[in-house]
Amino acid sequence: MAGTVEQKLASQGITLPEPTSPVANYVGFVRTGNLLFVSGQVCFGADGKLIAKGKLGAGVTLEQGVAAAQGCAINLLAQIKAALGDLDKVVRVVRLGGFINSAPDFLDGPKVLNGASDLMVAAFGDKGRHARTTVGVASLPADAAVEVEGIFEVS
Amino acid sequence: MAGTVEQKLASQGITLPEPTSPVANYVGFVRTGNLLFVSGQVCFGADGKLIAKGKLGAGVTLEQGVAAAQGCAINLLAQIKAALGDLDKVVRVVRLGGFINSAPDFLDGPKVLNGASDLMVAAFGDKGRHARTTVGVASLPADAAVEVEGIFEVS
Amino acid sequence: MAGTVEQKLASQGITLPEPTSPVANYVGFVRTGNLLFVSGQVCFGADGKLIAKGKLGAGVTLEQGVAAAQGCAINLLAQIKAALGDLDKVVRVVRLGGFINSAPDFLDGPKVLNGASDLMVAAFGDKGRHARTTVGVASLPADAAVEVEGIFEVS
């Protein structure tokens, strides 16, 4: 039974995938007290393929980057649901860390990461507004265009 | 009415700018419990221009980088004041994350980030000593030379 | 007197070095409540030399990178021991942030960081499983191949 937040997302055509389970000695999330730390999510789509592959500023367009960042955010939500059972238990999105796979002269990381920030507000409203940090990195796992991690206050 | 910390900074010629207000679905800071997470601040100066633009190791000097990191730290303080009303409510600077816009062969990120670390101790004394992580990144928003984020324990 | 965790590590031939003391206005760790934030640790070995120097994908092999990540993890443990006196006080490894000094086409950061993740589970068992984020960065301090930071829930 999906909660209010997940129903709101569904009304916008967004459904949550199964969260990826790391095949290693780390996990998708850890809760400590009322904080949920979610592992960096790369931009795999619901079909298991990367939404965008390669570097912004060297083949990947801004529009593709925004879609990739949105996909990372959806994957964060899938991890939250796995952790809590219900997205309605999110009290506040505290922080997103956005890593943009960037050519050295790509300067529009914040526009890319808006794809993730907008999804958080679409899901949670004002509780979705968060602190964030955006940087352009030299490479990302699997050549993903975007990776986003998150910290969430939960009940 | 400025508190003790802000007066100490003023005596060193450092005044706080208006914090930047993001024009997007994220915010400058989020408080959860006694922790304040502040968004990554790039090195805009009080005049609204970047203190240093471009890459360390490719045009930006170490001295310029240090000044840029100090500017990031001042912007963090401006966000804290906006969050708490008074810098005196900072119990401890917990962590700084420093991202240095770097040519691939630039190795002196820690010297650059000292510009931010020193400012924290100038402001808060021993309470300003913090854990930190310094990395060299491929690009930063607006081609800023330095970006610094922070976590603060507050009362 | 070493606790259980440290004895288990010793039985695997892993001993903790003296933690490095930063010669600057930052520190190796800060505790706030039950969370311990540990500064980014580069891959210095017990002999004070880098376990691997340079970039993955440009001279440093995957095997060397894994060893370097393990070294970073050992340095994190040394900081925890300095903070708490005993590794047995770790309740949970919450999060590792792994920064891989990467050529722009190096995509196997997660395999590298497994060197750190595996060490945490070797030390703490299931309590060692953590959220993590892996990114490839343009440069690291001292040209270290790997840097890892950590957040730990402690008693």
# chains A, B, ... in the order shown; residues from 1 in each chain; ligands from 1

$ select_by_dssp --residues "chain C" --states "alpha helix (DSSP H)" --output "ChimeraX atom specification"
/C:4-11,62-84,109-124

$ calpha_fit_and_write --fixed "chain A" --moving "chain C" --output "mmCIF file with C-alpha atoms, in the first residue's frame"
data_model
loop_
_atom_site.group_PDB
_atom_site.id
_atom_site.type_symbol
_atom_site.label_atom_id
_atom_site.label_comp_id
_atom_site.auth_asym_id
_atom_site.auth_seq_id
_atom_site.Cartn_x
_atom_site.Cartn_y
_atom_site.Cartn_z
ATOM 1 C CA MET C 1 0.002 0.038 -0.066
ATOM 2 C CA ALA C 2 1.698 3.193 -1.211
ATOM 3 C CA GLY C 3 1.569 6.282 1.038
ATOM 4 C CA THR C 4 0.652 9.813 0.109
ATOM 5 C CA VAL C 5 4.040 10.753 -1.254
ATOM 6 C CA GLU C 6 4.262 7.713 -3.471
ATOM 7 C CA GLN C 7 0.724 8.317 -4.768
ATOM 8 C CA LYS C 8 1.640 11.904 -5.611
ATOM 9 C CA LEU C 9 4.641 10.672 -7.550
ATOM 10 C CA ALA C 10 2.513 8.075 -9.341
ATOM 11 C CA SER C 11 0.101 10.823 -10.403
ATOM 12 C CA GLN C 12 3.091 12.441 -12.110
ATOM 13 C CA GLY C 13 4.003 9.188 -13.836
ATOM 14 C CA ILE C 14 6.903 8.374 -11.536
ATOM 15 C CA THR C 15 7.092 4.883 -10.090
ATOM 16 C CA LEU C 16 9.852 3.555 -7.881
ATOM 17 C CA PRO C 17 12.140 0.803 -9.154
ATOM 18 C CA GLU C 18 13.474 -1.984 -7.003
ATOM 19 C CA PRO C 19 16.475 -0.464 -5.254
ATOM 20 C CA THR C 20 19.816 -1.872 -6.319
ATOM 21 C CA SER C 21 21.419 -4.188 -3.802
ATOM 22 C CA PRO C 22 25.169 -3.690 -3.703
ATOM 23 C CA VAL C 23 27.112 -6.900 -4.351
ATOM 24 C CA ALA C 24 29.804 -5.925 -1.880
ATOM 25 C CA ASN C 25 30.432 -5.080 1.748
ATOM 26 C CA TYR C 26 28.408 -1.919 1.654
ATOM 27 C CA VAL C 27 24.670 -1.294 1.709
ATOM 28 C CA GLY C 28 22.183 1.066 0.147
ATOM 29 C CA PHE C 29 21.452 2.962 3.349
ATOM 30 C CA VAL C 30 22.240 3.205 7.035
ATOM 31 C CA ARG C 31 20.000 4.748 9.657
ATOM 32 C CA THR C 32 21.511 6.316 12.769
ATOM 33 C CA GLY C 33 19.075 8.001 15.126
ATOM 34 C CA ASN C 34 16.685 10.026 12.997
ATOM 35 C CA LEU C 35 19.103 10.396 10.109
ATOM 36 C CA LEU C 36 19.103 8.124 7.077
ATOM 37 C CA PHE C 37 22.283 8.139 5.011
ATOM 38 C CA VAL C 38 21.717 6.821 1.488
ATOM 39 C CA SER C 39 24.585 5.626 -0.693
ATOM 40 C CA GLY C 40 25.476 7.491 -3.857
ATOM 41 C CA GLN C 41 23.030 6.508 -6.601
ATOM 42 C CA VAL C 42 24.083 6.594 -10.213
ATOM 43 C CA CYS C 43 21.589 7.313 -12.977
ATOM 44 C CA PHE C 44 20.270 3.860 -13.745
ATOM 45 C CA GLY C 45 16.734 3.972 -15.100
ATOM 46 C CA ALA C 46 13.855 1.604 -14.428
ATOM 47 C CA ASP C 47 15.072 -0.571 -17.320
ATOM 48 C CA GLY C 48 18.441 -1.091 -15.626
ATOM 49 C CA LYS C 49 20.265 1.000 -18.222
ATOM 50 C CA LEU C 50 22.005 4.307 -17.614
ATOM 51 C CA ILE C 51 19.778 7.275 -18.424
ATOM 52 C CA ALA C 52 22.863 9.148 -19.606
ATOM 53 C CA LYS C 53 26.398 7.845 -20.036
ATOM 54 C CA GLY C 54 29.550 9.928 -20.371
ATOM 55 C CA LYS C 55 30.487 13.467 -19.540
ATOM 56 C CA LEU C 56 28.552 16.705 -19.489
ATOM 57 C CA GLY C 57 30.384 19.044 -21.803
ATOM 58 C CA ALA C 58 31.665 16.148 -23.872
ATOM 59 C CA GLY C 59 28.713 14.373 -25.458
ATOM 60 C CA VAL C 60 26.018 14.419 -22.782
ATOM 61 C CA THR C 61 23.613 17.338 -23.184
ATOM 62 C CA LEU C 62 22.246 19.487 -20.369
ATOM 63 C CA GLU C 63 18.783 18.041 -20.970
ATOM 64 C CA GLN C 64 20.123 14.493 -20.701
ATOM 65 C CA GLY C 65 21.982 15.451 -17.551
ATOM 66 C CA VAL C 66 18.833 16.814 -15.938
ATOM 67 C CA ALA C 67 16.999 13.577 -16.736
ATOM 68 C CA ALA C 68 19.904 11.612 -15.290
ATOM 69 C CA ALA C 69 19.841 13.643 -12.061
ATOM 70 C CA GLN C 70 16.113 13.036 -11.777
ATOM 71 C CA GLY C 71 16.799 9.326 -12.187
ATOM 72 C CA CYS C 72 19.359 9.427 -9.369
ATOM 73 C CA ALA C 73 16.752 11.087 -7.159
ATOM 74 C CA ILE C 74 14.188 8.403 -7.966
ATOM 75 C CA ASN C 75 16.774 5.793 -6.993
ATOM 76 C CA LEU C 76 17.325 7.615 -3.710
ATOM 77 C CA LEU C 77 13.579 7.417 -3.071
ATOM 78 C CA ALA C 78 13.614 3.702 -3.830
ATOM 79 C CA GLN C 79 16.310 3.249 -1.177
ATOM 80 C CA ILE C 80 14.292 5.295 1.317
ATOM 81 C CA LYS C 81 11.244 3.126 0.691
ATOM 82 C CA ALA C 82 13.360 0.019 1.225
ATOM 83 C CA ALA C 83 14.621 1.514 4.477
ATOM 84 C CA LEU C 84 11.364 2.820 5.917
ATOM 85 C CA GLY C 85 8.605 1.021 4.035
ATOM 86 C CA ASP C 86 6.883 4.315 3.287
ATOM 87 C CA LEU C 87 8.141 7.614 1.893
ATOM 88 C CA ASP C 88 5.673 9.422 4.162
ATOM 89 C CA LYS C 89 8.119 8.837 7.025
ATOM 90 C CA VAL C 90 10.519 11.383 5.553
ATOM 91 C CA VAL C 91 10.484 14.445 7.830
ATOM 92 C CA ARG C 92 12.933 16.487 5.780
ATOM 93 C CA VAL C 93 15.357 16.102 2.929
ATOM 94 C CA VAL C 94 18.497 17.368 4.678
ATOM 95 C CA ARG C 95 21.221 17.298 2.057
ATOM 96 C CA LEU C 96 21.940 16.134 -1.470
ATOM 97 C CA GLY C 97 25.462 15.733 -2.761
ATOM 98 C CA GLY C 98 25.596 15.875 -6.542
ATOM 99 C CA PHE C 99 28.533 14.673 -8.591
ATOM 100 C CA ILE C 100 28.454 15.571 -12.268
ATOM 101 C CA ASN C 101 30.688 13.618 -14.651
ATOM 102 C CA SER C 102 32.220 16.697 -16.269
ATOM 103 C CA ALA C 103 34.611 17.799 -18.918
ATOM 104 C CA PRO C 104 37.033 20.291 -17.320
ATOM 105 C CA ASP C 105 35.201 23.234 -18.899
ATOM 106 C CA PHE C 106 31.648 22.246 -17.975
ATOM 107 C CA LEU C 107 30.263 24.848 -15.557
ATOM 108 C CA ASP C 108 26.523 24.135 -15.382
ATOM 109 C CA GLY C 109 26.482 21.417 -12.749
ATOM 110 C CA PRO C 110 23.831 23.237 -10.703
ATOM 111 C CA LYS C 111 21.408 23.207 -13.653
ATOM 112 C CA VAL C 112 21.974 19.474 -13.984
ATOM 113 C CA LEU C 113 21.424 18.793 -10.295
ATOM 114 C CA ASN C 114 18.159 20.727 -10.384
ATOM 115 C CA GLY C 115 16.747 17.544 -11.919
ATOM 116 C CA ALA C 116 17.239 15.884 -8.537
ATOM 117 C CA SER C 117 16.246 18.884 -6.427
ATOM 118 C CA ASP C 118 13.005 19.396 -8.351
ATOM 119 C CA LEU C 119 12.079 15.748 -7.903
ATOM 120 C CA MET C 120 12.517 16.019 -4.139
ATOM 121 C CA VAL C 121 10.151 18.977 -3.986
ATOM 122 C CA ALA C 122 7.720 17.209 -6.335
ATOM 123 C CA ALA C 123 7.680 14.334 -3.865
ATOM 124 C CA PHE C 124 7.807 16.071 -0.509
ATOM 125 C CA GLY C 125 6.801 19.697 -1.058
ATOM 126 C CA ASP C 126 8.558 22.168 1.216
ATOM 127 C CA LYS C 127 9.962 19.278 3.259
ATOM 128 C CA GLY C 128 11.852 18.380 0.100
ATOM 129 C CA ARG C 129 13.934 21.578 0.108
ATOM 130 C CA HIS C 130 17.491 20.670 1.045
ATOM 131 C CA ALA C 131 21.045 21.837 1.443
ATOM 132 C CA ARG C 132 23.171 20.657 -1.435
ATOM 133 C CA THR C 133 26.646 20.623 -2.906
ATOM 134 C CA THR C 134 27.373 20.298 -6.624
ATOM 135 C CA VAL C 135 30.788 19.470 -8.054
ATOM 136 C CA GLY C 136 32.125 18.313 -11.405
ATOM 137 C CA VAL C 137 34.162 15.121 -11.138
ATOM 138 C CA ALA C 138 36.682 13.423 -13.399
ATOM 139 C CA SER C 139 34.829 10.120 -13.673
ATOM 140 C CA LEU C 140 31.948 8.158 -12.195
ATOM 141 C CA PRO C 141 31.219 4.444 -11.772
ATOM 142 C CA ALA C 142 30.100 2.758 -15.003
ATOM 143 C CA ASP C 143 30.595 6.095 -16.798
ATOM 144 C CA ALA C 144 27.298 7.350 -15.372
ATOM 145 C CA ALA C 145 26.686 11.014 -16.160
ATOM 146 C CA VAL C 146 25.433 11.823 -12.647
ATOM 147 C CA GLU C 147 25.634 10.418 -9.119
ATOM 148 C CA VAL C 148 23.641 11.770 -6.153
ATOM 149 C CA GLU C 149 23.821 10.865 -2.465
ATOM 150 C CA GLY C 150 21.437 11.973 0.256
ATOM 151 C CA ILE C 151 20.835 12.508 3.962
ATOM 152 C CA PHE C 152 17.257 12.447 5.216
ATOM 153 C CA GLU C 153 15.618 13.177 8.554
ATOM 154 C CA VAL C 154 13.096 10.410 9.162
ATOM 155 C CA SER C 155 10.516 9.468 11.760
#

$ select_by_dssp --residues "region 17-139 of chain B" --states "strand (DSSP E)" --output "PyMOL selection string"
chain B and resi 29-32+35-42+55-56+59-60+90-101+131-137

$ write_last_selection --atoms "N, CA and C atoms" --output "compact mmCIF listing (two decimals), in the first residue's frame"
# COMPACT_ATOMS: atom_id res chain seq x y z
N PHE B 29 20.68 26.19 3.78
CA PHE B 29 21.00 25.39 4.97
C PHE B 29 19.77 24.63 5.40
N VAL B 30 20.00 23.52 6.10
CA VAL B 30 18.93 22.78 6.76
C VAL B 30 19.42 22.39 8.14
N ARG B 31 18.58 22.63 9.14
CA ARG B 31 18.89 22.18 10.49
C ARG B 31 18.12 20.90 10.80
N THR B 32 18.82 19.93 11.36
CA THR B 32 18.16 18.72 11.84
C THR B 32 18.74 18.42 13.22
N LEU B 35 22.33 19.67 14.45
CA LEU B 35 23.27 19.79 13.33
C LEU B 35 22.71 20.72 12.26
N LEU B 36 23.57 21.61 11.80
CA LEU B 36 23.22 22.51 10.70
C LEU B 36 24.06 22.13 9.48
N PHE B 37 23.40 21.72 8.42
CA PHE B 37 24.07 21.39 7.16
C PHE B 37 23.99 22.61 6.26
N VAL B 38 25.12 23.13 5.83
CA VAL B 38 25.14 24.30 4.96
C VAL B 38 25.57 23.88 3.55
N SER B 39 24.84 24.37 2.57
CA SER B 39 25.11 24.06 1.16
C SER B 39 26.52 24.48 0.76
N GLY B 40 27.07 23.81 -0.23
CA GLY B 40 28.37 24.19 -0.77
C GLY B 40 28.37 25.65 -1.20
N GLN B 41 29.36 26.39 -0.73
CA GLN B 41 29.48 27.81 -1.05
C GLN B 41 30.66 28.01 -1.98
N VAL B 42 30.42 28.63 -3.13
CA VAL B 42 31.55 28.96 -3.99
C VAL B 42 32.10 30.32 -3.58
N LYS B 55 41.19 27.25 -12.60
CA LYS B 55 41.75 26.07 -11.92
C LYS B 55 43.09 26.38 -11.23
N LEU B 56 43.22 25.84 -10.04
CA LEU B 56 44.53 25.80 -9.42
C LEU B 56 45.44 24.92 -10.27
N GLY B 59 46.52 28.56 -13.92
CA GLY B 59 46.15 29.97 -13.98
C GLY B 59 45.88 30.61 -12.63
N VAL B 60 45.23 29.88 -11.74
CA VAL B 60 44.95 30.41 -10.40
C VAL B 60 46.13 30.07 -9.50
N VAL B 90 27.01 28.79 17.50
CA VAL B 90 27.78 27.65 16.99
C VAL B 90 28.52 27.00 18.16
N VAL B 91 28.24 25.73 18.39
CA VAL B 91 28.89 24.97 19.45
C VAL B 91 30.22 24.39 18.95
N ARG B 92 30.22 23.95 17.69
CA ARG B 92 31.43 23.35 17.14
C ARG B 92 31.33 23.31 15.61
N VAL B 93 32.42 23.64 14.97
CA VAL B 93 32.50 23.37 13.53
C VAL B 93 32.85 21.89 13.41
N VAL B 94 31.94 21.11 12.84
CA VAL B 94 32.11 19.65 12.81
C VAL B 94 32.95 19.21 11.61
N ARG B 95 32.60 19.68 10.44
CA ARG B 95 33.26 19.18 9.23
C ARG B 95 33.20 20.22 8.12
N LEU B 96 34.30 20.39 7.42
CA LEU B 96 34.31 21.13 6.16
C LEU B 96 34.65 20.16 5.04
N GLY B 97 33.96 20.30 3.93
CA GLY B 97 34.31 19.57 2.71
C GLY B 97 34.80 20.59 1.70
N GLY B 98 36.05 20.44 1.27
CA GLY B 98 36.64 21.42 0.36
C GLY B 98 36.89 20.82 -1.01
N PHE B 99 36.36 21.49 -2.03
CA PHE B 99 36.51 21.04 -3.41
C PHE B 99 37.31 22.09 -4.15
N ILE B 100 38.48 21.68 -4.64
CA ILE B 100 39.40 22.60 -5.30
C ILE B 100 39.33 22.34 -6.80
N ASN B 101 39.00 23.35 -7.56
CA ASN B 101 38.97 23.26 -9.03
C ASN B 101 40.42 23.11 -9.49
N ALA B 131 36.89 18.43 11.49
CA ALA B 131 37.27 17.40 10.53
C ALA B 131 37.12 17.98 9.13
N ARG B 132 37.94 17.51 8.21
CA ARG B 132 37.78 18.03 6.85
C ARG B 132 38.27 17.03 5.81
N THR B 133 37.78 17.24 4.60
CA THR B 133 38.18 16.43 3.46
C THR B 133 38.47 17.38 2.31
N THR B 134 39.61 17.19 1.67
CA THR B 134 40.01 18.05 0.55
C THR B 134 40.22 17.19 -0.69
N VAL B 135 39.56 17.55 -1.77
CA VAL B 135 39.79 16.84 -3.03
C VAL B 135 39.88 17.86 -4.18
N GLY B 136 40.55 17.43 -5.24
CA GLY B 136 40.65 18.26 -6.43
C GLY B 136 39.64 17.79 -7.46
N VAL B 137 38.77 18.69 -7.91
CA VAL B 137 37.69 18.28 -8.82
C VAL B 137 37.91 18.84 -10.22
